[in-house]
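Shown below: target_17.cif, with mmCIF, C-alpha atoms and all ligand atoms.
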```
data_coords
loop_
_atom_site.label_atom_id
_atom_site.label_comp_id
_atom_site.auth_asym_id
_atom_site.auth_seq_id
_atom_site.Cartn_x
_atom_site.Cartn_y
_atom_site.Cartn_z
CA MET A 1 4.19 -10.96 -1.05
CA LYS A 2 3.64 -7.85 1.10
CA ILE A 3 0.54 -6.42 2.71
CA LEU A 4 -0.02 -2.74 3.35
CA HIS A 5 -3.04 -2.32 5.60
CA ASN A 6 -4.83 0.37 7.56
CA ILE A 7 -4.79 2.85 4.65
CA SER A 8 -7.13 5.78 5.32
CA GLN A 9 -7.49 6.67 1.63
CA LEU A 10 -6.02 4.67 -1.20
CA VAL A 11 -5.91 7.11 -4.12
CA VAL A 12 -6.01 5.02 -7.31
CA SER A 13 -6.04 7.89 -9.84
CA GLN A 14 -8.05 5.94 -12.46
CA SER A 15 -7.48 2.23 -12.91
CA ASN A 16 -7.14 1.38 -16.57
CA PRO A 17 -8.36 4.23 -18.75
CA LYS A 18 -8.09 3.43 -22.45
CA GLU A 19 -7.16 7.02 -23.25
CA ALA A 20 -5.73 9.99 -21.40
CA LEU A 21 -8.28 11.75 -19.19
CA ARG A 22 -10.01 14.79 -20.67
CA GLY A 23 -12.56 17.40 -19.78
CA ALA A 24 -14.65 16.77 -16.66
CA ASN A 25 -13.23 13.25 -16.46
CA LEU A 26 -9.84 14.65 -15.40
CA GLY A 27 -11.46 15.50 -12.06
CA ASN A 28 -12.66 11.93 -11.41
CA LEU A 29 -10.24 10.56 -8.86
CA GLU A 30 -10.92 7.03 -7.62
CA VAL A 31 -10.37 6.82 -3.87
CA ILE A 32 -10.90 3.69 -1.75
CA THR A 33 -11.29 4.33 1.97
CA ASN A 34 -10.06 1.93 4.70
CA ALA A 35 -8.14 -0.13 2.17
CA THR A 36 -5.61 -2.94 2.27
CA MET A 37 -3.27 -3.72 -0.59
CA LEU A 38 -1.38 -6.88 -1.48
CA PHE A 39 1.69 -6.48 -3.70
CA ASP A 40 5.06 -7.78 -4.75
CA LYS A 41 6.79 -5.96 -7.62
CA THR A 42 3.31 -5.24 -8.92
CA VAL A 43 -0.03 -4.64 -7.27
CA VAL A 44 -1.79 -7.99 -6.71
CA PHE A 45 -5.04 -7.22 -4.92
CA ILE A 46 -6.80 -4.24 -3.36
CA GLY A 47 -9.77 -4.48 -1.05
CA THR A 48 -10.95 -4.37 2.53
CA ASP A 49 -8.89 -6.17 5.13
CA ASP A 50 -11.31 -9.15 5.10
CA GLU A 51 -11.29 -9.38 1.31
CA VAL A 52 -7.49 -9.38 1.19
CA ARG A 53 -7.24 -12.06 3.91
CA LYS A 54 -9.70 -14.24 2.00
CA TYR A 55 -7.72 -13.73 -1.22
CA ILE A 56 -4.54 -14.81 0.57
CA LEU A 57 -6.17 -18.00 1.93
CA ASP A 58 -7.90 -18.88 -1.34
CA ASN A 59 -4.69 -18.46 -3.33
CA ASP A 60 -2.34 -19.93 -0.74
CA ILE A 61 -0.14 -16.85 -0.69
CA LEU A 62 2.91 -16.52 1.54
CA VAL A 63 3.02 -13.07 3.10
CA THR A 64 6.55 -11.99 3.97
CA ASP A 65 5.90 -8.44 5.23
CA THR A 66 2.96 -6.73 6.83
CA ILE A 67 3.18 -2.95 6.83
CA ASN A 68 0.85 -0.75 8.82
CA ALA A 69 0.00 2.49 7.03
CA ASN A 70 -1.22 3.84 10.39
CA ASP A 71 -4.38 5.30 8.93
CA LYS A 72 -2.43 7.43 6.44
CA CYS A 73 -3.13 8.16 2.80
CA VAL A 74 -1.49 6.23 -0.06
CA ILE A 75 -1.24 7.74 -3.54
CA PRO A 76 0.41 6.65 -6.82
CA GLY A 77 4.04 7.67 -7.27
CA PHE A 78 4.37 10.82 -9.36
CA VAL A 79 5.35 10.53 -13.01
CA ASP A 80 7.57 13.51 -13.83
CA SER A 81 7.36 13.45 -17.62
CA HIS A 82 9.63 16.43 -18.42
CA THR A 83 13.04 17.17 -16.84
CA HIS A 84 16.55 18.30 -17.77
CA ILE A 85 18.40 17.15 -14.63
CA VAL A 86 21.73 16.23 -16.27
CA PHE A 87 23.78 19.43 -16.54
CA GLY A 88 27.01 21.08 -15.42
CA GLY A 89 27.37 24.23 -13.29
CA ASP A 90 24.48 26.30 -12.06
CA ARG A 91 22.74 29.58 -12.87
CA ALA A 92 22.40 31.05 -9.38
CA ASN A 93 24.09 34.31 -10.39
CA GLU A 94 21.86 34.65 -13.42
CA PHE A 95 18.91 34.04 -11.13
CA GLY A 96 20.18 36.84 -8.89
CA GLN A 97 20.20 39.11 -11.96
CA ARG A 98 16.65 38.09 -12.73
CA LEU A 99 15.62 38.98 -9.18
CA LYS A 100 16.99 42.45 -9.97
CA GLY A 101 14.76 42.71 -13.03
CA ALA A 102 16.57 41.11 -15.98
CA THR A 103 14.35 38.77 -18.00
CA TYR A 104 15.08 35.18 -19.02
CA GLN A 105 15.27 36.23 -22.69
CA GLU A 106 17.58 39.22 -22.01
CA ILE A 107 20.02 36.94 -20.24
CA ALA A 108 19.87 34.40 -23.09
CA VAL A 109 20.51 37.09 -25.72
CA ALA A 110 23.51 38.34 -23.70
CA GLY A 111 25.09 34.87 -23.93
CA GLY A 112 23.89 33.45 -20.60
CA GLY A 113 20.96 31.09 -20.27
CA ILE A 114 21.18 27.73 -22.00
CA ALA A 115 24.56 28.75 -23.55
CA HIS A 116 26.06 29.09 -20.07
CA THR A 117 24.91 25.62 -19.06
CA VAL A 118 26.19 24.21 -22.36
CA LYS A 119 29.67 25.59 -21.60
CA LYS A 120 29.66 24.04 -18.13
CA THR A 121 28.19 20.74 -19.32
CA ARG A 122 30.83 20.36 -22.01
CA LEU A 123 33.56 20.99 -19.44
CA ALA A 124 32.11 18.62 -16.84
CA THR A 125 33.34 15.04 -16.59
CA PHE A 126 30.96 12.12 -16.82
CA ASP A 127 31.31 11.60 -13.05
CA GLU A 128 30.56 15.23 -12.24
CA LEU A 129 27.42 15.14 -14.34
CA TYR A 130 26.43 11.82 -12.79
CA GLN A 131 26.92 13.05 -9.21
CA ASN A 132 24.99 16.25 -9.84
CA ALA A 133 22.08 14.42 -11.48
CA SER A 134 22.03 11.69 -8.78
CA LYS A 135 21.51 14.28 -6.12
CA LEU A 136 18.57 15.82 -7.97
CA LEU A 137 17.16 12.38 -8.71
CA GLU A 138 17.33 11.36 -5.05
CA ASN A 139 15.55 14.56 -4.05
CA ALA A 140 12.90 13.85 -6.67
CA ILE A 141 12.34 10.37 -5.24
CA ARG A 142 12.12 11.73 -1.68
CA TYR A 143 9.45 14.13 -2.93
CA GLY A 144 7.51 11.28 -4.52
CA THR A 145 8.69 10.82 -8.11
CA THR A 146 8.75 7.14 -9.14
CA THR A 147 9.01 7.53 -12.94
CA ILE A 148 11.01 10.31 -14.55
CA GLU A 149 11.86 11.49 -18.03
CA ILE A 150 15.31 13.07 -18.52
CA LYS A 151 16.50 14.97 -21.59
CA SER A 152 19.88 15.71 -23.09
CA GLY A 153 20.25 19.16 -24.69
CA TYR A 154 23.12 20.84 -22.86
CA GLY A 155 25.89 19.29 -24.95
CA LEU A 156 24.79 20.55 -28.38
CA ASN A 157 27.66 18.74 -30.03
CA PHE A 158 28.16 15.07 -30.66
CA GLU A 159 30.37 14.34 -27.62
CA GLY A 160 28.36 16.49 -25.24
CA GLU A 161 24.97 15.06 -26.16
CA ILE A 162 26.23 11.47 -26.02
CA LYS A 163 27.93 12.13 -22.68
CA GLN A 164 24.62 13.33 -21.23
CA LEU A 165 22.72 10.35 -22.64
CA GLU A 166 25.34 7.96 -21.23
CA VAL A 167 24.85 9.59 -17.82
CA ILE A 168 21.11 8.97 -18.12
CA LYS A 169 21.85 5.34 -19.02
CA GLU A 170 24.05 4.95 -15.95
CA LEU A 171 21.31 6.44 -13.76
CA GLN A 172 18.88 3.91 -15.28
CA LYS A 173 21.23 1.11 -14.21
CA ASN A 174 21.68 2.31 -10.66
CA TYR A 175 18.27 3.59 -9.57
CA PRO A 176 15.10 1.54 -9.16
CA LEU A 177 12.74 4.14 -10.59
CA GLU A 178 11.86 4.04 -14.26
CA ILE A 179 13.86 6.59 -16.26
CA VAL A 180 12.74 7.51 -19.77
CA SER A 181 15.49 9.00 -21.92
CA THR A 182 15.00 11.80 -24.45
CA PHE A 183 17.47 13.15 -27.00
CA MET A 184 17.17 16.93 -27.25
CA GLY A 185 20.06 18.02 -29.43
CA ALA A 186 17.58 20.59 -30.80
CA HIS A 187 17.42 22.51 -27.51
CA ASP A 188 19.34 25.52 -28.85
CA PHE A 189 21.95 26.34 -31.48
CA PRO A 190 25.47 26.07 -30.11
CA ALA A 191 27.61 29.22 -30.42
CA GLU A 192 29.73 27.69 -33.20
CA PHE A 193 26.63 27.23 -35.42
CA LYS A 194 24.77 30.47 -34.62
CA SER A 195 25.54 31.91 -38.03
CA ASN A 196 24.70 28.70 -39.85
CA PRO A 197 21.87 27.03 -37.95
CA ASP A 198 20.84 24.70 -40.79
CA LYS A 199 24.28 23.09 -40.62
CA TYR A 200 23.55 22.20 -37.00
CA VAL A 201 20.21 20.69 -38.06
CA ASP A 202 22.19 18.55 -40.53
CA LEU A 203 24.56 17.46 -37.77
CA ILE A 204 21.59 16.35 -35.67
CA CYS A 205 20.01 14.47 -38.56
CA ASN A 206 23.11 12.95 -40.09
CA GLU A 207 25.27 12.17 -37.07
CA MET A 208 23.54 12.47 -33.72
CA LEU A 209 20.18 10.77 -34.39
CA PRO A 210 21.70 7.74 -36.16
CA TYR A 211 24.20 7.17 -33.32
CA VAL A 212 21.63 7.66 -30.56
CA ALA A 213 19.26 5.24 -32.29
CA GLU A 214 21.88 2.62 -32.99
CA ASN A 215 23.10 2.66 -29.41
CA LYS A 216 19.59 2.80 -27.98
CA LEU A 217 20.43 5.87 -25.94
CA ALA A 218 17.00 7.50 -26.11
CA GLU A 219 13.37 6.61 -26.68
CA TYR A 220 12.15 10.13 -27.48
CA CYS A 221 13.35 13.03 -29.60
CA ASP A 222 12.41 16.55 -28.43
CA ALA A 223 13.00 20.05 -29.85
CA PHE A 224 12.44 23.67 -28.82
CA ILE A 225 10.46 25.80 -31.25
CA ASP A 226 10.53 29.46 -30.23
CA GLU A 227 11.78 32.91 -31.20
CA GLY A 228 15.55 32.61 -31.68
CA TYR A 229 15.45 28.81 -31.34
CA PHE A 230 14.28 26.21 -33.88
CA THR A 231 11.76 26.96 -36.62
CA ILE A 232 8.94 24.65 -37.58
CA ALA A 233 10.71 23.81 -40.85
CA GLN A 234 13.95 22.89 -39.07
CA THR A 235 12.06 20.86 -36.48
CA GLU A 236 10.05 19.06 -39.12
CA LYS A 237 13.27 17.93 -40.75
CA ILE A 238 14.63 16.66 -37.43
CA PHE A 239 11.37 14.92 -36.52
CA GLU A 240 11.02 13.23 -39.89
CA THR A 241 14.51 11.82 -39.48
CA ALA A 242 13.75 10.84 -35.87
CA LEU A 243 10.59 9.00 -36.93
CA GLN A 244 12.57 7.03 -39.51
CA TYR A 245 14.88 5.90 -36.72
CA GLY A 246 11.95 4.85 -34.54
CA PHE A 247 11.95 7.66 -31.98
CA LYS A 248 8.75 8.86 -30.35
CA LEU A 249 8.35 12.63 -30.29
CA LYS A 250 7.90 15.43 -27.78
CA LEU A 251 8.00 19.18 -28.36
CA HIS A 252 8.72 22.36 -26.35
CA ALA A 253 6.04 24.63 -27.80
CA ASP A 254 4.57 28.10 -27.38
CA GLU A 255 6.65 28.85 -24.30
CA LEU A 256 8.06 32.37 -24.81
CA VAL A 257 6.32 33.42 -28.02
CA ASN A 258 3.44 31.85 -29.97
CA LYS A 259 4.78 30.17 -33.11
CA ALA A 260 1.79 27.90 -33.78
CA ALA A 261 4.04 25.12 -32.52
CA THR A 262 1.19 23.31 -30.77
CA GLU A 263 -0.65 23.02 -34.08
CA PHE A 264 2.51 21.61 -35.66
CA ALA A 265 2.93 19.07 -32.82
CA CYS A 266 -0.66 17.86 -33.21
CA ARG A 267 -0.27 17.59 -36.97
CA ILE A 268 2.94 15.54 -36.76
CA GLY A 269 1.57 13.48 -33.86
CA THR A 270 3.96 14.06 -30.97
CA ILE A 271 3.10 12.05 -27.84
CA SER A 272 3.19 15.26 -25.84
CA VAL A 273 3.50 18.99 -26.46
CA ASP A 274 4.94 20.85 -23.52
CA HIS A 275 4.80 24.36 -21.96
CA LEU A 276 1.89 26.08 -23.84
CA LEU A 277 2.18 29.36 -21.92
CA MET A 278 1.41 31.27 -25.13
CA ILE A 279 -0.92 28.77 -26.82
CA SER A 280 -3.56 30.41 -29.05
CA GLU A 281 -7.27 29.62 -29.41
CA HIS A 282 -6.39 27.85 -32.62
CA GLY A 283 -3.71 25.83 -30.82
CA ILE A 284 -6.27 24.83 -28.19
CA ASP A 285 -8.64 23.63 -30.93
CA SER A 286 -5.88 21.55 -32.48
CA LEU A 287 -4.94 20.01 -29.14
CA SER A 288 -8.50 19.16 -28.18
CA SER A 289 -9.06 17.17 -31.35
CA SER A 290 -5.76 15.28 -31.17
CA ALA A 291 -4.37 12.41 -29.09
CA THR A 292 -1.33 14.54 -28.13
CA ILE A 293 -1.06 15.31 -24.40
CA GLY A 294 -0.51 18.94 -23.41
CA THR A 295 2.07 18.93 -20.61
CA LEU A 296 1.90 22.03 -18.44
CA LEU A 297 4.96 23.14 -16.51
CA PRO A 298 3.73 25.71 -13.99
CA ALA A 299 7.02 25.84 -12.10
CA THR A 300 8.55 27.36 -15.25
CA ALA A 301 5.90 30.10 -15.51
CA TYR A 302 6.47 30.82 -11.82
CA PHE A 303 10.26 30.82 -12.09
CA ILE A 304 10.54 33.02 -15.19
CA ARG A 305 7.55 35.14 -14.18
CA MET A 306 5.43 34.44 -17.22
CA PRO A 307 1.66 34.05 -17.37
CA TYR A 308 0.61 30.48 -16.64
CA ALA A 309 -0.73 28.12 -19.30
CA PRO A 310 -4.54 28.39 -19.54
CA ALA A 311 -5.21 25.11 -17.75
CA ARG A 312 -8.93 25.72 -17.12
CA GLN A 313 -9.58 26.62 -20.72
CA LEU A 314 -7.60 23.57 -21.89
CA ILE A 315 -9.58 21.26 -19.61
CA GLU A 316 -12.89 22.83 -20.53
CA SER A 317 -12.00 22.53 -24.23
CA ASN A 318 -11.50 18.79 -23.73
CA CYS A 319 -7.71 18.73 -24.12
CA ALA A 320 -5.79 15.97 -22.33
CA ILE A 321 -3.29 17.60 -19.98
CA ALA A 322 -0.48 16.41 -17.72
CA ILE A 323 1.72 18.39 -15.33
CA ALA A 324 5.48 18.03 -14.84
CA SER A 325 8.42 19.86 -13.24
CA ASP A 326 10.66 20.85 -16.21
CA CYS A 327 13.46 20.67 -13.61
CA ASN A 328 16.45 22.52 -15.14
CA PRO A 329 19.00 25.07 -13.92
CA GLY A 330 17.58 28.05 -15.84
CA SER A 331 13.82 28.19 -16.08
CA SER A 332 12.55 25.86 -13.34
CA PHE A 333 14.93 24.72 -10.67
CA THR A 334 12.80 22.34 -8.67
CA GLU A 335 12.60 18.56 -8.62
CA SER A 336 9.54 18.59 -6.34
CA MET A 337 6.33 17.37 -7.94
CA GLN A 338 4.56 18.50 -4.77
CA THR A 339 5.54 22.08 -5.64
CA VAL A 340 4.14 21.48 -9.14
CA LEU A 341 0.85 20.26 -7.63
CA SER A 342 0.64 23.31 -5.42
CA LEU A 343 1.32 25.76 -8.29
CA SER A 344 -1.13 23.94 -10.56
CA ALA A 345 -3.89 24.18 -7.99
CA MET A 346 -3.30 27.74 -6.83
CA ASN A 347 -2.10 29.47 -9.99
CA MET A 348 -3.67 27.42 -12.78
CA ARG A 349 -6.87 26.87 -10.79
CA MET A 350 -6.91 23.13 -11.18
CA THR A 351 -8.76 21.08 -8.57
CA ALA A 352 -6.82 18.74 -6.29
CA GLU A 353 -8.31 15.76 -8.12
CA GLU A 354 -7.34 17.15 -11.54
CA CYS A 355 -3.80 17.84 -10.32
CA LEU A 356 -3.35 14.31 -8.97
CA ASN A 357 -4.62 12.67 -12.16
CA ALA A 358 -2.51 15.03 -14.30
CA ALA A 359 0.67 14.20 -12.31
CA THR A 360 0.10 10.44 -12.38
CA MET A 361 -2.20 8.80 -14.97
CA ASN A 362 -2.03 11.46 -17.67
CA ALA A 363 1.70 11.93 -17.13
CA ALA A 364 2.11 8.17 -17.67
CA PHE A 365 0.26 8.60 -20.97
CA ALA A 366 2.66 11.44 -21.84
CA LEU A 367 5.50 8.88 -21.58
CA ASP A 368 3.59 5.98 -23.13
CA ARG A 369 3.78 4.17 -19.78
CA GLN A 370 0.02 4.03 -19.12
CA ASN A 371 0.03 0.23 -18.90
CA LYS A 372 2.81 0.08 -16.31
CA SER A 373 2.43 3.10 -14.08
CA GLY A 374 0.32 6.16 -13.32
CA SER A 375 -2.24 4.49 -11.04
CA ILE A 376 -2.44 2.01 -8.18
CA THR A 377 -3.97 -0.83 -10.13
CA VAL A 378 -3.72 -4.61 -10.09
CA GLY A 379 -1.02 -5.64 -12.55
CA LYS A 380 0.81 -2.32 -12.62
CA ARG A 381 4.14 -1.68 -10.91
CA ALA A 382 3.75 -1.15 -7.17
CA ASP A 383 4.91 2.48 -7.21
CA PHE A 384 3.20 4.36 -4.41
CA LEU A 385 3.70 6.96 -1.71
CA ILE A 386 2.68 6.74 1.91
CA LEU A 387 1.91 10.28 3.01
CA ASP A 388 2.28 11.57 6.56
CA SER A 389 -1.35 12.57 6.40
CA SER A 390 -4.68 10.77 6.22
CA ASN A 391 -6.22 13.12 3.63
CA TYR A 392 -4.81 13.72 0.13
CA LEU A 393 -6.08 17.30 0.28
CA ASP A 394 -3.27 18.04 2.75
CA LEU A 395 -0.88 17.93 -0.24
CA PHE A 396 -2.45 21.22 -1.31
CA TYR A 397 -3.75 22.63 1.95
CA HIS A 398 -0.56 22.38 3.99
CA PHE A 399 1.88 23.69 1.42
CA GLY A 400 5.65 24.02 1.17
CA ILE A 401 6.56 20.89 3.13
CA ASN A 402 7.33 17.32 2.09
CA HIS A 403 4.28 15.12 2.75
CA VAL A 404 5.91 11.93 1.48
CA ALA A 405 6.78 9.69 4.43
CA GLN A 406 7.78 6.71 2.28
CA THR A 407 8.39 6.27 -1.43
CA TRP A 408 7.83 2.70 -2.69
CA ILE A 409 9.12 1.74 -6.11
CA ALA A 410 8.33 -1.64 -7.72
CA GLY A 411 7.25 -2.97 -4.32
CA ASN A 412 10.30 -1.87 -2.33
CA MET A 413 10.58 1.05 0.04
CA TYR A 414 13.16 3.48 -1.29
CA SER A 415 13.60 5.70 1.71
CA SER A 416 11.89 6.36 4.97
CA TYR A 417 11.44 9.46 7.06
CA ASP A 418 9.78 10.12 10.35
CA ALA A 419 6.26 11.21 9.62
O1 LIG B 1 12.10 23.76 -20.83
N1 LIG B 1 12.50 25.91 -23.02
C1 LIG B 1 13.60 25.46 -23.17
N2 LIG B 1 14.32 24.78 -22.33
C2 LIG B 1 14.17 24.75 -20.94
C3 LIG B 1 14.99 25.81 -20.29
C4 LIG B 1 16.40 25.45 -20.31
C5 LIG B 1 17.32 26.40 -19.60
O2 LIG B 1 17.03 27.58 -19.36
O3 LIG B 1 18.41 25.90 -19.27
C6 LIG B 1 12.72 24.77 -20.58
O4 LIG B 1 12.18 25.74 -20.06
FE FE B 2 11.94 21.76 -20.79
#
```
Go through the file and emit its structure as structure tokens.
Amino acid sequence: MKILHNISQLVVSQSNPKEALRGANLGNLEVITNATMLFDKTVVFIGTDDEVRKYILDNDILVTDTINANDKCVIPGFVDSHTHIVFGGDRANEFGQRLKGATYQEIAVAGGGIAHTVKKTRLATFDELYQNASKLLENAIRYGTTTIEIKSGYGLNFEGEIKQLEVIKELQKNYPLEIVSTFMGAHDFPAEFKSNPDKYVDLICNEMLPYVAENKLAEYCDAFIDEGYFTIAQTEKIFETALQYGFKLKLHADELVNKAATEFACRIGTISVDHLLMISEHGIDSLSSSATIGTLLPATAYFIRMPYAPARQLIESNCAIAIASDCNPGSSFTESMQTVLSLSAMNMRMTAEECLNAATMNAAFALDRQNKSGSITVGKRADFLILDSSNYLDLFYHFGINHVAQTWIAGNMYSSYDA
């Protein structure tokens, strides 16, 4: 058993909420000052130094390591519930074009965008994809991510999608953080099916989903409803098949154009509905009366220069919201959840407390991991970050640097840096 003592602020998030946090409750962040924590793979006890010492004596516990937090702040590891970090090539040149004024959609229509990454991902070997993703994953961990969701969606044919999912599986084997795998064959239509998109929907339903399910390559199925991408009818067909195979659902919705996709997600009961840059009043009403989590991806709005999702209105309308990175080579190339916190606070006007809960507890709900992660709570996995600061507000106040001195996953320190 290990002891971490001399913690200036132990940020719990919220211990064991029955449901995702909504409305004013999103801003309730539990913080214990001058705390000591006892843990092995999971959190065993939290209290004052005296309380922990008494617990150790009473329960005859052998302490193997005593770690001094040096009066620094400890927060839950971030749960990044939406990423696309397995891909080939890069889009730096396209980004250069965008800096000269081209829009994300113009580039996509001209054959760049997702199509470019699909070409490169199909050409890449398993090892190339693995090495590229490992590097991003290690950065994510250094910046505080301890649970991550990763999607396929750059193969868009049987071999390519399975290759990506196998890479995710290999990452799951080799890294200590929890990786949640999502099949997203419905990310875009591949060039060879552009003139017959329904045939591609059939391929997803009849060949990809059955294979992915049988080989347990993904827990979630996701799709992209937008102008020029999947329609609600096509997505409904895919999701009905996915549900029959036991997948949980996520949806990319109302990102570029409003297609009433949020309303559809709430009706079909996806665990999360993501993006929401263009969500309508009606979409907000649907979300607020459903259990679906709205996952906001502010780094995407920033990176493609779109208006941000209306976070304040969503919170005030009692929607449950999470925040995530959307890390991908085209619309949001960052694996830093600290950047996401900063953008959420400054550009979506969320409070520090709302941001922290949205990036931990509510993000765990968005992955159906609320009983295992998302807060520093007795019985949950000991996933936490020791910051190089004694005040969690420094995450927002002192921006653009890495505040994570140590990332701990399941009770073990992953990497250490000089604070
Ligand atoms: O979540 N919206 C669709 N998919 C990604 C972008 C993928 C890309 O540009 O490569 C997203 O923003
Ligand atoms: Fe995405």
Between A:Glu354, A:Glu106, A:Glu207, A:Glu281, which one has atoms that come closest to ligand LIG 1 (chain B), using only C-alpha atoms and all ligand atoms?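 Counting only C-alpha atoms and all ligand atoms, the residue closest to ligand LIG 1 (chain B) is A:Glu106.
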Can you tell me which residues come within 6 Å of ligand LIG 1 (chain B) when counting all atoms listed in the file, ideally as a short mmCIF file (atom, residue, chain, number, x, y, z; two decimals) with C-alpha atoms, keeping the file's coordinate frame?
```cif
data_model
loop_
_atom_site.label_atom_id
_atom_site.label_comp_id
_atom_site.auth_asym_id
_atom_site.auth_seq_id
_atom_site.Cartn_x
_atom_site.Cartn_y
_atom_site.Cartn_z
CA GLY A 113 20.96 31.09 -20.27
CA ILE A 114 21.18 27.73 -22.00
CA ASP A 326 10.66 20.85 -16.21
CA ASN A 328 16.45 22.52 -15.14
CA PRO A 329 19.00 25.07 -13.92
CA GLY A 330 17.58 28.05 -15.84
CA SER A 331 13.82 28.19 -16.08
#
```
Considering only C-alpha atoms and all ligand atoms, state which residue in the set A:Lys259, A:Arg349, A:Lys194, A:His275 is at the smallest distance from ligand FE 2 (chain B). A:His275
Chain A residues near ligand FE 2 (chain B) within 9 Å, closest pair each, using all atoms listed in the file, as a tab-separated table:
```
residue	atom	partner	partner_atom	distance
A:His82	CA	B:FE2	FE	6.3
A:Thr83	CA	B:FE2	FE	6.2
A:His84	CA	B:FE2	FE	6.5
A:Lys151	CA	B:FE2	FE	8.2
A:His187	CA	B:FE2	FE	8.7
A:Phe224	CA	B:FE2	FE	8.3
A:Leu251	CA	B:FE2	FE	8.9
A:His252	CA	B:FE2	FE	6.5
A:Asp274	CA	B:FE2	FE	7.6
A:His275	CA	B:FE2	FE	7.7
A:Leu297	CA	B:FE2	FE	8.3
A:Thr300	CA	B:FE2	FE	8.6
A:Ser325	CA	B:FE2	FE	8.5
A:Asp326	CA	B:FE2	FE	4.8
A:Cys327	CA	B:FE2	FE	7.4
A:Asn328	CA	B:FE2	FE	7.3
A:Ser331	CA	B:FE2	FE	8.2
A:Ser332	CA	B:FE2	FE	8.5
```
Spatial neighbours of region 308-319 of chain A, max dist 6 Å, only C-alpha atoms, sep filter under 3 positions, as a list of chain:residue names: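 Within the cut-off, the hits are A:Arg22, A:Gly23, A:Leu276, A:Leu277, A:Leu287, A:Ser288, A:Ala301, A:Met348.
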Shell around Lys216 (chain A) at 10 Å using only C-alpha atoms, local window under 2 positions removed, as a PyMOL selection string: chain A and resi 165+169+181+210-214+218-219+247
Nearest residue to Ala191 (chain A) out of A:Ala223, A:Val52, A:Leu256, A:Leu156, using all atoms listed in the file?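 Result for the nearest residue to Ala191 (chain A): A:Leu156.
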As a list in words, please: the residues near Thr262 (chain A) (cut-off 9 Å, all atoms listed in the file, same-chain neighbours under 2 positions excluded). Leu251, His252, Ala253, Asp254, Asn258, Lys259, Ala260, Phe264, Ala265, Cys266, Arg267, Val273, Asp274, Leu276, Ile279, Ser280, Gly283, Ile284, Ser286, Leu287 and Gly294 of chain A
Quote the spacing between CA of Val11 (chain A) and CA of Ile75 (chain A) in Å to one decimal place.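 These two atoms are separated by 4.7 Å.
Across A:Ser415, A:Asn196, A:Thr407, A:Asn402, the tightest approach to Pro76 (chain A) is made by A:Thr407 when counting all atoms listed in the file.
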Could you please determine the separation between CA of Ser389 (chain A) and CA of Asn362 (chain A) in Å, to one decimal place?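 According to the coordinates, CA of Ser389 (chain A) and CA of Asn362 (chain A) are separated by 24.1 Å.
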May I ask for the distance between CA of Ser375 (chain A) and CA of Val43 (chain A), given in Å to one decimal place? 10.1 Å
Using all atoms listed in the file, which of A:Glu149, A:Glu255, A:Asp226, A:Asp202 sits nearest Gln172 (chain A)? A:Glu149
Restricting the calculation to all atoms listed in the file: of A:Val167, A:Leu209, A:Ala322, A:Leu203, which residue gets closest to Phe183 (chain A)? A:Leu209
